[in-house]
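Colleague: Here it is: the structure, laid out below.
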Amino acid sequence: ADAAATAATIGDEPLQHYQDFRGQVPVVVCENRRTGLETLLHEAPEVTAVVLDDAYQHRRVRPTLNVLLTEQQRPFYHDYVLPAGRLRESRGGARRADVVIVTKCEPELTEAEQAAMTAQVRRYARPRVPVLFSAYAYGAPVPVGGAATPESPEIVLLTGIAQPGPLRDYLTRAGYHIAHHAAFADHHAFTAADIATLTGQLRPGQSVFTTQKDAVRLLEPALRAAVAPLPVFYIPIQVQFLADGAAQLQQLVSPLFQPHAVV
């Protein structure tokens, strides 16, 4: 990734990572992770650890640490292999995990509920593998288009992500009224026609709320002029661990940051 990269050339998530960590962390895209790693380590020999996204079944690379993510509302132990469910392999694959992180948790998830989920995970994972819990923390709207702040709580929600439910729930709890939700498939490539339709749906005083990942695609060169005058905002998120999960993960990962460790 470099200054010329766009969502169309490297993907929306890699571009978002590049923009968030510009100058701090190199971001590389390669379908064959082994080839990508070899090229990365040749061009950036100072790199001491590599985080691979969505690589649990990528057999060309033997990881130092396997991180298994599973959502609270859709845990892997209640799911099935494709096409009956969403799993790419059987639940027994959890035995390769070195840490299991339950994601998108309700912030008020009780210790008893965490213990019950941990027991279910341990039916498939190795006995002493840490089971951690994380939740989203949402931030204030960040302007993308032509307005500095939303005029009113009346909004149009625009998403092209797999699971917009948590964002909808948060916005409702935060006092926003979603007049319309323009929901597209994950990684949807927005078009000029999409923006024109969105513009026609906006009523006076309403703003468009979206995610940071969607905002990256809305700012593609071909769409910037159409998006610029609109009151568009993205809702930033941070991942926060429940209880002492962050300290546990730090303790697990810190020893791995030695030359050429692959996470």
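Please note that chains go A, B, ... in the order of the structure tokens, that every chain numbers its residues from 1, and that ligands are numbered from 1 in the order shown.
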Leaving out A:Phe241 and any residue of its chain fewer than 3 positions from it, which residues lie within 7 Å of it when counting only C-alpha atoms, given as a list in words?

Modeller: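 Final neighbour list, sorted by chain and number: Phe133, Ser134, Ala135, Gly245 and Ala246 of chain A.
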
Colleague: Write out as a tab-separated table the residues of stretch 99-160 of chain A that have any atom within 6 Å of an atom of stretch 206-225 of chain A, one row each with the nearest atom pair and its distance in Å to one decimal, counting only C-alpha atoms, sorted by chain and then rising number.

Modeller:
```
residue	atom	partner	partner_atom	distance
A:Pro150	CA	A:Ser207	CA	5.9
A:Glu154	CA	A:Gln206	CA	5.1
A:Ile155	CA	A:Ser207	CA	4.8
A:Val156	CA	A:Val208	CA	4.8
A:Leu157	CA	A:Phe209	CA	4.9
A:Leu158	CA	A:Thr210	CA	5.0
A:Thr159	CA	A:Thr210	CA	5.7
```

Colleague: Any chance you could tabulate, as CSV, the residues of stretch 47-129 of chain A at most 8 Å from stretch 28-42 of chain A with each one's nearest atom pair and distance in Å to one decimal, using only C-alpha atoms, in chain and rising number order?

Modeller:
```
residue,atom,partner,partner_atom,distance
A:Val47,CA,A:Leu41,CA,6.8
A:His58,CA,A:Arg33,CA,7.7
A:Arg60,CA,A:Arg34,CA,6.0
A:Val61,CA,A:Arg34,CA,6.0
```

Colleague: For A:Leu171, which residue out of A:Ala189, A:Asp194, A:Ala148, A:Pro153 is the nearest one, using only C-alpha atoms?

Modeller: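 Residue with the minimum atom-to-atom distance to A:Leu171: A:Pro153.
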
Colleague: Quick one: of A:Leu256, A:Val67, A:Leu198, A:Ala4, who's nearest to A:Asp54, counting only C-alpha atoms?

Modeller: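 Comparing A:Leu256, A:Val67, A:Leu198, A:Ala4 against A:Asp54, the winner is A:Val67.
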
Colleague: Could you pull out all residues of stretch 137-182 of chain A with a DSSP call of strand (DSSP E or B) and give them as a PyMOL selection string?

Modeller: chain A and resi 137-138+142-143+154-159+177-182

Colleague: Calculated over only C-alpha atoms, which of the candidates A:Thr118, A:Val99, A:Ser152, A:Glu106 has the smallest distance to A:Gly175?

Modeller: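 That would be A:Ser152, the residue with the smallest distance to A:Gly175.
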
Colleague: Just give me the gap between atom CA of A:Gly11 and atom CA of A:Asp53 in Å, one decimal is fine.

Modeller: 12.5 Å

Colleague: Excluding A:Val27 and its own-chain neighbours fewer than 2 positions away, which residues fall within 7 Å of it when counting only C-alpha atoms? Please give them as a list in words.

Modeller: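 Those residues are Ala1, Pro14, Tyr18, Val25 and Val29 of chain A.
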
Colleague: Could you tell me how far atom CA of A:Asn66 sits from atom CA of A:Arg91, in Å to one decimal place?

Modeller: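 The value is 14.8 Å.
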
Colleague: Using DSSP on the backbone coordinates, identify all residues within stretch 33-67 of chain A classified as helix (DSSP H, G or I); present the result as a short mmCIF file (atom, residue, chain, number, x, y, z; two decimals) with C-alpha atoms, in the first residue's frame.

Modeller:
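Result went into selection.cif, see below:
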```cif
data_model
loop_
_atom_site.label_atom_id
_atom_site.label_comp_id
_atom_site.auth_asym_id
_atom_site.auth_seq_id
_atom_site.Cartn_x
_atom_site.Cartn_y
_atom_site.Cartn_z
CA ARG A 33 0.63 -15.23 1.76
CA ARG A 34 3.96 -17.04 1.46
CA THR A 35 4.91 -14.99 -1.60
CA GLY A 36 3.74 -11.85 0.17
CA LEU A 37 5.81 -12.62 3.27
CA GLU A 38 8.94 -13.33 1.24
CA THR A 39 8.56 -10.07 -0.66
CA LEU A 40 7.77 -8.08 2.49
CA LEU A 41 10.78 -9.40 4.39
CA HIS A 42 13.01 -8.68 1.41
CA GLU A 43 11.79 -5.09 1.04
#
```

Colleague: Mind pulling up the distance from atom CA of A:Gly139 to atom CA of A:Ala179?

Modeller: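 Those two atoms sit 20.9 Å apart.
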